[in-house]
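Asker: Input structure: coords_5.pdb, which contains PDB, C-alpha atoms, pLDDT in the B column.
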```pdb
ATOM      1  CA  MET A  40       0.000   0.000   0.000  1.00 80.00           C
ATOM      2  CA  LEU A  41       1.037   3.593  -0.599  1.00 94.00           C
ATOM      3  CA  ASN A  42       2.638   5.043   2.516  1.00 97.00           C
ATOM      4  CA  LEU A  43       2.629   8.840   2.785  1.00 98.00           C
ATOM      5  CA  GLY A  44       3.420   8.837   6.493  1.00 95.00           C
ATOM      6  CA  ASN A  45       6.243  11.351   6.207  1.00 93.00           C
ATOM      7  CA  LYS A  46       4.532  13.656   3.703  1.00 98.00           C
ATOM      8  CA  VAL A  47       2.758  16.987   4.052  1.00 98.00           C
ATOM      9  CA  ALA A  48      -0.037  17.551   1.521  1.00 98.00           C
ATOM     10  CA  VAL A  49      -2.017  20.702   0.744  1.00 98.00           C
ATOM     11  CA  VAL A  50      -5.395  20.177  -0.930  1.00 98.00           C
ATOM     12  CA  THR A  51      -7.412  23.135  -2.217  1.00 98.00           C
ATOM     13  CA  GLY A  52     -11.164  22.955  -2.642  1.00 97.00           C
ATOM     14  CA  ALA A  53     -11.050  20.300   0.067  1.00 98.00           C
ATOM     15  CA  GLY A  54     -14.453  20.929   1.611  1.00 96.00           C
ATOM     16  CA  ARG A  55     -16.530  18.892  -0.806  1.00 95.00           C
ATOM     17  CA  GLY A  56     -16.588  16.742  -3.933  1.00 95.00           C
ATOM     18  CA  ILE A  57     -13.295  15.761  -5.533  1.00 97.00           C
ATOM     19  CA  GLY A  58     -11.178  17.737  -3.070  1.00 98.00           C
ATOM     20  CA  ARG A  59     -12.782  16.080  -0.069  1.00 98.00           C
ATOM     21  CA  SER A  60     -12.272  12.618  -1.542  1.00 98.00           C
ATOM     22  CA  ILE A  61      -8.626  13.345  -2.335  1.00 98.00           C
ATOM     23  CA  ALA A  62      -8.009  14.704   1.157  1.00 98.00           C
ATOM     24  CA  LEU A  63      -9.556  11.618   2.776  1.00 98.00           C
ATOM     25  CA  ALA A  64      -7.527   9.308   0.541  1.00 98.00           C
ATOM     26  CA  LEU A  65      -4.255  11.108   1.315  1.00 98.00           C
ATOM     27  CA  ALA A  66      -4.988  10.989   5.038  1.00 98.00           C
ATOM     28  CA  ARG A  67      -5.744   7.269   4.883  1.00 98.00           C
ATOM     29  CA  ALA A  68      -2.348   6.819   3.218  1.00 98.00           C
ATOM     30  CA  GLY A  69      -0.759   8.564   6.202  1.00 98.00           C
ATOM     31  CA  ALA A  70      -0.204  12.113   4.929  1.00 98.00           C
ATOM     32  CA  ASP A  71      -0.511  15.175   7.144  1.00 98.00           C
ATOM     33  CA  VAL A  72      -3.197  16.990   5.146  1.00 98.00           C
ATOM     34  CA  VAL A  73      -3.749  20.744   5.092  1.00 98.00           C
ATOM     35  CA  LEU A  74      -7.281  21.487   3.909  1.00 98.00           C
ATOM     36  CA  ALA A  75      -7.899  24.773   2.102  1.00 98.00           C
ATOM     37  CA  ALA A  76     -11.136  26.245   0.755  1.00 96.00           C
ATOM     38  CA  ARG A  77     -13.459  29.191   1.284  1.00 94.00           C
ATOM     39  CA  SER A  78     -16.059  27.004   3.009  1.00 87.00           C
ATOM     40  CA  GLY A  79     -14.880  26.996   6.623  1.00 89.00           C
ATOM     41  CA  ASP A  80     -17.669  24.821   8.029  1.00 94.00           C
ATOM     42  CA  GLU A  81     -17.216  22.181   5.340  1.00 96.00           C
ATOM     43  CA  LEU A  82     -13.453  22.183   5.873  1.00 97.00           C
ATOM     44  CA  LEU A  83     -13.876  21.630   9.590  1.00 97.00           C
ATOM     45  CA  ALA A  84     -16.235  18.723   8.901  1.00 97.00           C
ATOM     46  CA  VAL A  85     -13.632  17.062   6.668  1.00 98.00           C
ATOM     47  CA  ALA A  86     -10.878  17.683   9.234  1.00 98.00           C
ATOM     48  CA  ARG A  87     -13.014  16.078  11.950  1.00 97.00           C
ATOM     49  CA  GLU A  88     -13.749  13.115   9.683  1.00 98.00           C
ATOM     50  CA  ILE A  89     -10.039  12.581   9.108  1.00 98.00           C
ATOM     51  CA  SER A  90      -9.196  12.965  12.797  1.00 97.00           C
ATOM     52  CA  ALA A  91     -11.955  10.536  13.803  1.00 97.00           C
ATOM     53  CA  ALA A  92     -10.384   7.936  11.521  1.00 97.00           C
ATOM     54  CA  GLY A  93      -6.975   8.435  13.143  1.00 97.00           C
ATOM     55  CA  GLY A  94      -5.510  10.714  10.489  1.00 98.00           C
ATOM     56  CA  LYS A  95      -3.884  14.143  10.617  1.00 97.00           C
ATOM     57  CA  ALA A  96      -5.516  17.230   9.132  1.00 98.00           C
ATOM     58  CA  GLU A  97      -5.801  20.971   9.617  1.00 98.00           C
ATOM     59  CA  ALA A  98      -8.467  23.209   8.094  1.00 98.00           C
ATOM     60  CA  ILE A  99      -7.311  26.643   6.922  1.00 98.00           C
ATOM     61  CA  PRO A 100     -10.069  28.717   5.262  1.00 97.00           C
ATOM     62  CA  THR A 101      -8.525  30.182   2.105  1.00 98.00           C
ATOM     63  CA  ASP A 102      -9.722  32.025  -0.967  1.00 98.00           C
ATOM     64  CA  VAL A 103      -7.188  30.842  -3.545  1.00 98.00           C
ATOM     65  CA  SER A 104      -7.952  33.790  -5.820  1.00 98.00           C
ATOM     66  CA  ARG A 105      -6.544  36.169  -3.161  1.00 98.00           C
ATOM     67  CA  GLU A 106      -2.761  36.433  -3.063  1.00 98.00           C
ATOM     68  CA  ALA A 107      -2.701  37.396   0.615  1.00 98.00           C
ATOM     69  CA  ASP A 108      -4.782  34.329   1.551  1.00 98.00           C
ATOM     70  CA  VAL A 109      -2.522  31.969  -0.361  1.00 98.00           C
ATOM     71  CA  GLU A 110       0.639  33.503   1.079  1.00 98.00           C
ATOM     72  CA  GLN A 111      -0.806  33.150   4.576  1.00 98.00           C
ATOM     73  CA  LEU A 112      -1.738  29.516   3.906  1.00 98.00           C
ATOM     74  CA  PHE A 113       1.779  28.548   2.916  1.00 98.00           C
ATOM     75  CA  ARG A 114       3.321  30.705   5.638  1.00 98.00           C
ATOM     76  CA  ARG A 115       1.432  28.626   8.181  1.00 98.00           C
ATOM     77  CA  VAL A 116       2.516  25.419   6.468  1.00 98.00           C
ATOM     78  CA  ARG A 117       6.148  26.554   6.635  1.00 98.00           C
ATOM     79  CA  GLU A 118       5.924  27.657  10.270  1.00 97.00           C
ATOM     80  CA  GLN A 119       4.086  24.578  11.524  1.00 97.00           C
ATOM     81  CA  ARG A 120       5.449  21.839   9.275  1.00 97.00           C
ATOM     82  CA  GLY A 121       8.559  23.209   7.596  1.00 97.00           C
ATOM     83  CA  ARG A 122       7.778  21.658   4.238  1.00 97.00           C
ATOM     84  CA  VAL A 123       5.174  20.728   1.657  1.00 98.00           C
ATOM     85  CA  ASP A 124       5.593  17.540  -0.343  1.00 98.00           C
ATOM     86  CA  ILE A 125       2.313  17.391  -2.253  1.00 98.00           C
ATOM     87  CA  LEU A 126       0.058  20.106  -3.628  1.00 98.00           C
ATOM     88  CA  ILE A 127      -3.324  19.223  -5.101  1.00 98.00           C
ATOM     89  CA  ASN A 128      -4.722  22.222  -6.994  1.00 98.00           C
ATOM     90  CA  ASN A 129      -8.399  21.300  -7.036  1.00 98.00           C
ATOM     91  CA  ALA A 130     -10.327  24.468  -6.108  1.00 97.00           C
ATOM     92  CA  GLY A 131     -12.662  25.429  -8.920  1.00 95.00           C
ATOM     93  CA  ILE A 132     -15.923  27.139  -9.785  1.00 94.00           C
ATOM     94  CA  GLY A 133     -17.982  27.495 -12.949  1.00 92.00           C
ATOM     95  CA  ALA A 134     -20.217  30.004 -14.704  1.00 91.00           C
ATOM     96  CA  PHE A 135     -22.332  28.366 -17.360  1.00 92.00           C
ATOM     97  CA  GLY A 136     -24.388  29.711 -20.229  1.00 92.00           C
ATOM     98  CA  LEU A 137     -23.965  31.057 -23.720  1.00 94.00           C
ATOM     99  CA  LEU A 138     -20.958  33.315 -24.150  1.00 94.00           C
ATOM    100  CA  ALA A 139     -23.208  36.226 -25.143  1.00 95.00           C
ATOM    101  CA  GLU A 140     -24.963  35.932 -21.788  1.00 94.00           C
ATOM    102  CA  ILE A 141     -21.942  35.593 -19.476  1.00 94.00           C
ATOM    103  CA  SER A 142     -20.999  38.749 -17.592  1.00 96.00           C
ATOM    104  CA  ALA A 143     -17.411  39.939 -17.516  1.00 97.00           C
ATOM    105  CA  ALA A 144     -17.507  39.721 -13.715  1.00 97.00           C
ATOM    106  CA  ASP A 145     -18.489  36.037 -13.810  1.00 97.00           C
ATOM    107  CA  PHE A 146     -15.846  35.286 -16.440  1.00 97.00           C
ATOM    108  CA  ASP A 147     -13.175  37.044 -14.385  1.00 97.00           C
ATOM    109  CA  GLN A 148     -14.177  35.215 -11.203  1.00 97.00           C
ATOM    110  CA  VAL A 149     -13.933  31.787 -12.844  1.00 97.00           C
ATOM    111  CA  LEU A 150     -10.446  32.551 -14.101  1.00 98.00           C
ATOM    112  CA  ALA A 151      -9.460  34.097 -10.773  1.00 98.00           C
ATOM    113  CA  VAL A 152     -10.330  30.968  -8.786  1.00 98.00           C
ATOM    114  CA  ASN A 153      -9.504  28.234 -11.283  1.00 98.00           C
ATOM    115  CA  LEU A 154      -6.426  29.619 -13.044  1.00 98.00           C
ATOM    116  CA  ARG A 155      -5.046  32.391 -10.841  1.00 98.00           C
ATOM    117  CA  GLY A 156      -5.584  30.171  -7.799  1.00 98.00           C
ATOM    118  CA  THR A 157      -3.603  27.361  -9.387  1.00 98.00           C
ATOM    119  CA  PHE A 158      -0.812  29.807 -10.236  1.00 98.00           C
ATOM    120  CA  LEU A 159      -0.659  31.325  -6.744  1.00 98.00           C
ATOM    121  CA  CYS A 160      -0.690  27.999  -4.902  1.00 98.00           C
ATOM    122  CA  SER A 161       1.855  26.471  -7.276  1.00 98.00           C
ATOM    123  CA  ARG A 162       4.178  29.444  -6.863  1.00 98.00           C
ATOM    124  CA  GLU A 163       4.116  29.294  -3.071  1.00 98.00           C
ATOM    125  CA  ALA A 164       4.454  25.496  -2.977  1.00 98.00           C
ATOM    126  CA  MET A 165       7.354  25.633  -5.427  1.00 98.00           C
ATOM    127  CA  ARG A 166       9.263  27.972  -3.127  1.00 97.00           C
ATOM    128  CA  LEU A 167       9.026  25.401  -0.336  1.00 98.00           C
ATOM    129  CA  MET A 168       9.612  22.363  -2.538  1.00 98.00           C
ATOM    130  CA  LYS A 169      12.758  23.812  -4.080  1.00 97.00           C
ATOM    131  CA  GLU A 170      14.340  23.942  -0.641  1.00 96.00           C
ATOM    132  CA  LYS A 171      13.946  20.152  -0.360  1.00 96.00           C
ATOM    133  CA  GLN A 172      14.590  19.507  -4.069  1.00 97.00           C
ATOM    134  CA  SER A 173      11.512  17.312  -4.215  1.00 97.00           C
ATOM    135  CA  GLY A 174       7.731  17.507  -4.412  1.00 98.00           C
ATOM    136  CA  TYR A 175       4.691  16.738  -6.508  1.00 98.00           C
ATOM    137  CA  ILE A 176       2.124  19.219  -7.826  1.00 98.00           C
ATOM    138  CA  ILE A 177      -1.057  17.687  -9.245  1.00 98.00           C
ATOM    139  CA  ASN A 178      -3.506  19.998 -10.988  1.00 98.00           C
ATOM    140  CA  ILE A 179      -7.092  18.850 -11.289  1.00 98.00           C
ATOM    141  CA  SER A 180      -8.093  20.052 -14.732  1.00 97.00           C
ATOM    142  CA  SER A 181     -11.009  18.651 -16.728  1.00 95.00           C
ATOM    143  CA  SER A 182     -11.858  17.021 -20.021  1.00 93.00           C
ATOM    144  CA  VAL A 183     -12.704  20.567 -21.123  1.00 91.00           C
ATOM    145  CA  GLY A 184      -9.014  21.306 -20.772  1.00 95.00           C
ATOM    146  CA  ILE A 185      -8.619  19.531 -24.110  1.00 93.00           C
ATOM    147  CA  LYS A 186     -12.178  19.776 -25.468  1.00 91.00           C
ATOM    148  CA  GLY A 187     -14.802  22.431 -25.919  1.00 91.00           C
ATOM    149  CA  TYR A 188     -18.498  22.337 -25.045  1.00 87.00           C
ATOM    150  CA  PRO A 189     -21.264  24.894 -25.552  1.00 91.00           C
ATOM    151  CA  ASN A 190     -22.334  26.911 -22.508  1.00 91.00           C
ATOM    152  CA  GLN A 191     -18.941  26.367 -20.825  1.00 93.00           C
ATOM    153  CA  SER A 192     -16.728  29.069 -22.340  1.00 95.00           C
ATOM    154  CA  ALA A 193     -15.435  30.554 -19.071  1.00 95.00           C
ATOM    155  CA  TYR A 194     -14.882  27.172 -17.421  1.00 95.00           C
ATOM    156  CA  THR A 195     -13.233  25.784 -20.560  1.00 96.00           C
ATOM    157  CA  ALA A 196     -10.924  28.791 -20.886  1.00 97.00           C
ATOM    158  CA  SER A 197      -9.808  28.358 -17.271  1.00 97.00           C
ATOM    159  CA  LYS A 198      -9.106  24.654 -17.681  1.00 97.00           C
ATOM    160  CA  HIS A 199      -7.203  25.181 -20.941  1.00 98.00           C
ATOM    161  CA  GLY A 200      -5.179  27.751 -19.022  1.00 98.00           C
ATOM    162  CA  ILE A 201      -4.433  25.209 -16.305  1.00 98.00           C
ATOM    163  CA  MET A 202      -3.118  22.823 -18.934  1.00 98.00           C
ATOM    164  CA  GLY A 203      -0.783  25.477 -20.317  1.00 98.00           C
ATOM    165  CA  LEU A 204       0.412  26.340 -16.826  1.00 98.00           C
ATOM    166  CA  THR A 205       0.950  22.663 -16.030  1.00 98.00           C
ATOM    167  CA  LYS A 206       3.052  22.069 -19.130  1.00 98.00           C
ATOM    168  CA  SER A 207       5.266  25.070 -18.510  1.00 98.00           C
ATOM    169  CA  LEU A 208       5.661  24.385 -14.798  1.00 98.00           C
ATOM    170  CA  ALA A 209       6.593  20.750 -15.429  1.00 97.00           C
ATOM    171  CA  VAL A 210       9.598  21.921 -17.457  1.00 97.00           C
ATOM    172  CA  GLU A 211      10.580  24.632 -14.959  1.00 97.00           C
ATOM    173  CA  ALA A 212      10.258  22.348 -11.940  1.00 97.00           C
ATOM    174  CA  GLN A 213      12.109  19.335 -13.300  1.00 96.00           C
ATOM    175  CA  PRO A 214      15.652  20.540 -12.430  1.00 97.00           C
ATOM    176  CA  ASP A 215      14.543  20.916  -8.800  1.00 97.00           C
ATOM    177  CA  GLY A 216      13.270  17.354  -8.515  1.00 97.00           C
ATOM    178  CA  ILE A 217       9.630  18.435  -8.601  1.00 98.00           C
ATOM    179  CA  ARG A 218       7.079  16.591 -10.708  1.00 98.00           C
ATOM    180  CA  VAL A 219       3.955  18.240 -12.103  1.00 98.00           C
ATOM    181  CA  SER A 220       0.960  16.396 -13.549  1.00 98.00           C
ATOM    182  CA  ALA A 221      -2.598  17.142 -14.589  1.00 98.00           C
ATOM    183  CA  VAL A 222      -5.635  14.936 -14.073  1.00 98.00           C
ATOM    184  CA  LEU A 223      -8.414  15.598 -16.571  1.00 97.00           C
ATOM    185  CA  PRO A 224     -11.674  14.027 -15.406  1.00 95.00           C
ATOM    186  CA  GLY A 225     -14.740  13.767 -17.535  1.00 89.00           C
ATOM    187  CA  ALA A 226     -18.126  14.195 -15.885  1.00 86.00           C
ATOM    188  CA  VAL A 227     -17.880  13.595 -12.126  1.00 92.00           C
ATOM    189  CA  ASN A 228     -20.839  13.369  -9.763  1.00 87.00           C
ATOM    190  CA  THR A 229     -20.349  16.689  -7.933  1.00 84.00           C
ATOM    191  CA  ASP A 230     -22.434  19.808  -7.357  1.00 79.00           C
ATOM    192  CA  LEU A 231     -20.707  21.481 -10.307  1.00 81.00           C
ATOM    193  CA  ILE A 232     -21.858  18.922 -12.864  1.00 74.00           C
ATOM    194  CA  GLY A 233     -25.486  19.683 -12.098  1.00 69.00           C
ATOM    195  CA  ASP A 234     -24.963  23.203 -13.411  1.00 68.00           C
ATOM    196  CA  ALA A 235     -22.633  22.304 -16.274  1.00 68.00           C
ATOM    197  CA  ARG A 236     -24.385  19.208 -17.653  1.00 75.00           C
ATOM    198  CA  PRO A 237     -27.923  18.817 -16.264  1.00 76.00           C
ATOM    199  CA  ASP A 238     -28.621  16.462 -19.194  1.00 74.00           C
ATOM    200  CA  LEU A 239     -26.389  13.698 -17.838  1.00 74.00           C
ATOM    201  CA  ASP A 240     -27.612  10.710 -15.848  1.00 73.00           C
ATOM    202  CA  ARG A 241     -25.828  10.997 -12.515  1.00 75.00           C
ATOM    203  CA  ALA A 242     -25.902   7.244 -12.058  1.00 75.00           C
ATOM    204  CA  GLN A 243     -23.527   6.916 -15.014  1.00 81.00           C
ATOM    205  CA  LEU A 244     -20.981   9.521 -13.878  1.00 88.00           C
ATOM    206  CA  LEU A 245     -17.530   9.109 -12.437  1.00 91.00           C
ATOM    207  CA  GLN A 246     -17.384   9.405  -8.657  1.00 94.00           C
ATOM    208  CA  PRO A 247     -15.032  11.708  -6.703  1.00 96.00           C
ATOM    209  CA  GLU A 248     -13.359   8.594  -5.288  1.00 97.00           C
ATOM    210  CA  ASP A 249     -12.305   7.629  -8.822  1.00 97.00           C
ATOM    211  CA  ILE A 250     -10.317  10.839  -9.110  1.00 97.00           C
ATOM    212  CA  ALA A 251      -8.803  10.346  -5.658  1.00 98.00           C
ATOM    213  CA  GLN A 252      -7.647   6.890  -6.705  1.00 97.00           C
ATOM    214  CA  THR A 253      -6.009   8.406  -9.789  1.00 98.00           C
ATOM    215  CA  VAL A 254      -4.123  10.868  -7.596  1.00 98.00           C
ATOM    216  CA  LEU A 255      -2.902   8.027  -5.379  1.00 98.00           C
ATOM    217  CA  PHE A 256      -1.697   6.197  -8.479  1.00 98.00           C
ATOM    218  CA  LEU A 257       0.407   9.186  -9.515  1.00 98.00           C
ATOM    219  CA  LEU A 258       1.868   9.471  -6.029  1.00 98.00           C
ATOM    220  CA  SER A 259       2.717   5.754  -6.008  1.00 97.00           C
ATOM    221  CA  LEU A 260       5.063   6.055  -8.977  1.00 96.00           C
ATOM    222  CA  PRO A 261       8.805   5.813  -8.366  1.00 94.00           C
ATOM    223  CA  GLU A 262      10.585   9.160  -8.524  1.00 90.00           C
ATOM    224  CA  ARG A 263      12.259   8.186 -11.795  1.00 93.00           C
ATOM    225  CA  ALA A 264       8.848   8.085 -13.488  1.00 95.00           C
ATOM    226  CA  ALA A 265       6.833  11.109 -14.602  1.00 94.00           C
ATOM    227  CA  ILE A 266       3.345  11.249 -16.092  1.00 97.00           C
ATOM    228  CA  ASP A 267       2.314  14.506 -17.708  1.00 97.00           C
ATOM    229  CA  GLU A 268      -1.447  14.034 -17.766  1.00 97.00           C
ATOM    230  CA  ILE A 269      -4.182  11.480 -17.202  1.00 97.00           C
ATOM    231  CA  TYR A 270      -7.488  11.849 -19.024  1.00 96.00           C
ATOM    232  CA  ILE A 271     -10.112   9.783 -17.218  1.00 94.00           C
ATOM    233  CA  ARG A 272     -13.613   9.554 -18.668  1.00 90.00           C
ATOM    234  CA  ARG A 273     -16.740   7.699 -17.750  1.00 82.00           C
ATOM    235  CA  ARG A 274     -17.056   4.382 -19.528  1.00 82.00           C
ATOM    236  CA  GLY A 275     -19.320   4.680 -22.545  1.00 71.00           C
ATOM    237  CA  SER A 276     -18.604   8.359 -23.175  1.00 76.00           C
ATOM    238  CA  GLN A 277     -16.978   9.541 -26.390  1.00 71.00           C
ATOM    239  CA  PRO A 278     -13.168   9.109 -26.366  1.00 71.00           C
ATOM    240  CA  TRP A 279     -11.198  12.269 -27.041  1.00 62.00           C
TER
END
```
What is this structure when it is put down as C-alpha cells?
Answerer:
Amino acid sequence: MLNLGNKVAVVTGAGRGIGRSIALALARAGADVVLAARSGDELLAVAREISAAGGKAEAIPTDVSREADVEQLFRRVREQRGRVDILINNAGIGAFGLLAEISAADFDQVLAVNLRGTFLCSREAMRLMKEKQSGYIINISSSVGIKGYPNQSAYTASKHGIMGLTKSLAVEAQPDGIRVSAVLPGAVNTDLIGDARPDLDRAQLLQPEDIAQTVLFLLSLPERAAIDEIYIRRRGSQPW
C-alpha cells in the first residue's frame, strides 16, 4: 500500500466533492493533510472526519484567488510543518451559459479561482519544494481542458489555461526534482456537474473517489517516473 506517512499535503477545494475525496484518501495513506477552501464549516467537517479515523488534518479557510490568503496559507505550512511535499490544486468554480450571456464579472471570477488560484498555490508550494529539491504538484483540470463544449466558455478557458500552466511548470520544476501532472476528469458526480451538464444521468458519472484513486496512483510512482497528464472519462462516453 502507498505510505505517505512522512509527507505533508495541501489540498485546495477540500471541503466537498473531488477535493474532499482526495483529502480523505491522502490521510488514509498517512499524509498530514492541510485542507484549504473558502467554506470553513465544510473544511472543519472534513478535518473532523479525518481525525476521527486516526488521520492528521488541519483546516485553513482560504480564498485561492486572493494572493494574501494563499501567502498566509503557505506561511502557516512553513511555520508549523517546515515543508510541503504534495500540492493538489483542485479548487474550482464554474459560470455556465452562452458566451453572449456571461458577464465579464463572472468570467473574471472563474479565471481568478480556477487559473489564478492554481498559479498562486503552485508558486508558493514551489518555493518550499525547491528547498527540499523534491515535491509533486497535481492539478485537477477537466476534459474541457482539451475539449470544448457549448455553454462552458469561461470554465473551458480556465481549464485550458491550467493545462498550459501545467506544461510550462513541469519543465521549470524538473531541475529541482519536482514533478507536475494534470488529471483531466470527464463528468464527475459533484455539485458542479449539475450546473454544467444537467442532461447527464448521474448514475452513469464518475465518482469523486475515482479521481482520488487516480491521484494516489500518480503518487505511487517511483521518482524516476513522470506522467504529464491522465485523461479519465466515464465508460461509454466519447473518447477524445
Asker: Taking the file as I've supplied it (selection: the PyMOL selection byres ((chain A and resi 232) around 12)), which residues are included? Please answer as a ChimeraX atom specification.
Answerer: /A:56-57,131-135,181,191,194,224-231,233-241,244-247
Asker: Identify the residues within 10 Å of coordinate (0.1, 31.7, -12.3) (same frame as the file), considering only C-alpha atoms, and give the answer as a VMD selection string.
Answerer: chain A and resid 151 154 to 162 200 to 201 204 to 205 208
Asker: Between atom CA of Glu97 of chain A and atom CA of Ser197 of chain A, measure the distance and give it in Å to one decimal.
Answerer: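 That distance, rounded to one decimal, is 28.2 Å.
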Asker: Could you check which of A:Val47, A:Leu65, A:Ala212, A:Val222 is closest to Ile250 of chain A, using all atoms listed in the file?
Answerer: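 For Ile250 of chain A, the nearest of the given residues is A:Val222.
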Asker: From the list A:Ala98, A:Val85, A:Leu258, A:Val210, which residue is nearest Gly174 of chain A when using only C-alpha atoms?
Answerer: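 Looking only at the distances to Gly174 of chain A, the closest residue turns out to be A:Leu258.
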Asker: How many Å lie between atom CA of Arg274 of chain A and atom CA of Met40 of chain A, rounded to one decimal?
Answerer: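 Between atom CA of Arg274 of chain A and atom CA of Met40 of chain A the gap works out to 26.3 Å.
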Asker: Suppose you want the space between atom CA of Glu268 of chain A and atom CA of Asn129 of chain A; what is it in Å?
Answerer: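 Computing the Euclidean distance for atom CA of Glu268 of chain A and atom CA of Asn129 of chain A yields 14.7 Å.
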Asker: With all atoms listed in the file counted, which protein, DNA or RNA residues have an atom no more than 9 Å from (-22.4, 2.9, -20.9) in the file frame? Please answer as a ChimeraX atom specification.
Answerer: /A:243,273-276
Asker: Hey, what's within 8 Å of Asp124 of chain A if we count only C-alpha atoms and toss same-chain stuff fewer than 6 positions away? As a list in words, please?
Answerer: Lys46, Val47, Ala48, Met168, Ser173, Gly174 and Tyr175 of chain A
Asker: Counting all atoms listed in the file, which of A:Asp102, A:Asp215, A:Asp147, A:Glu170 gets nearest to Ala193 of chain A?
Answerer: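 Smallest separation from Ala193 of chain A among the options: A:Asp147.
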Asker: Mind checking which residues fall within 12 Å of Leu257 of chain A, counting only C-alpha atoms, ignoring those fewer than 2 positions away in the same chain, and posting them as a PyMOL selection string?
Answerer: chain A and resi 41+65+125+127+175-178+218-222+250-255+259-262+264-269
Asker: Selection in question (the file shown): the PyMOL selection byres ((chain A and resi 111) around 12). Which residues does it include, as a list of chain:residue names?
Answerer: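 For this structure, the PyMOL selection byres ((chain A and resi 111) around 12) resolves to A:Ala75, A:Ile99, A:Pro100, A:Thr101, A:Asp102, A:Val103, A:Arg105, A:Glu106, A:Ala107, A:Asp108, A:Val109, A:Glu110, A:Leu112, A:Phe113, A:Arg114, A:Arg115, A:Val116, A:Arg117, A:Glu118, A:Leu159, A:Cys160, A:Glu163, A:Ala164.
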Asker: Which residue out of A:His199, A:Val152, A:Ile179, A:Ile89 has the minimum interatomic distance to Ile271 of chain A when only C-alpha atoms are used?
Answerer: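 Result for the nearest residue to Ile271 of chain A: A:Ile179.
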Asker: For Ala130 of chain A, find every residue with an atom within 7 Å (counting all atoms listed in the file), except residues of its own chain fewer than 2 positions away, and show them as a list in words.
Answerer: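 Near neighbours after the sequence-gap exclusion: Thr51, Gly52, Asn128 and Asn153 of chain A.
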Asker: Deliver the residues from the most recent selection as a file, using C-alpha atoms, as a short mmCIF file (atom, residue, chain, number, x, y, z; two decimals), in the frame of the given file.
Answerer:
```cif
data_model
loop_
_atom_site.label_atom_id
_atom_site.label_comp_id
_atom_site.auth_asym_id
_atom_site.auth_seq_id
_atom_site.Cartn_x
_atom_site.Cartn_y
_atom_site.Cartn_z
CA THR A 51 -7.41 23.14 -2.22
CA GLY A 52 -11.16 22.96 -2.64
CA ASN A 128 -4.72 22.22 -6.99
CA ASN A 153 -9.50 28.23 -11.28
#
```
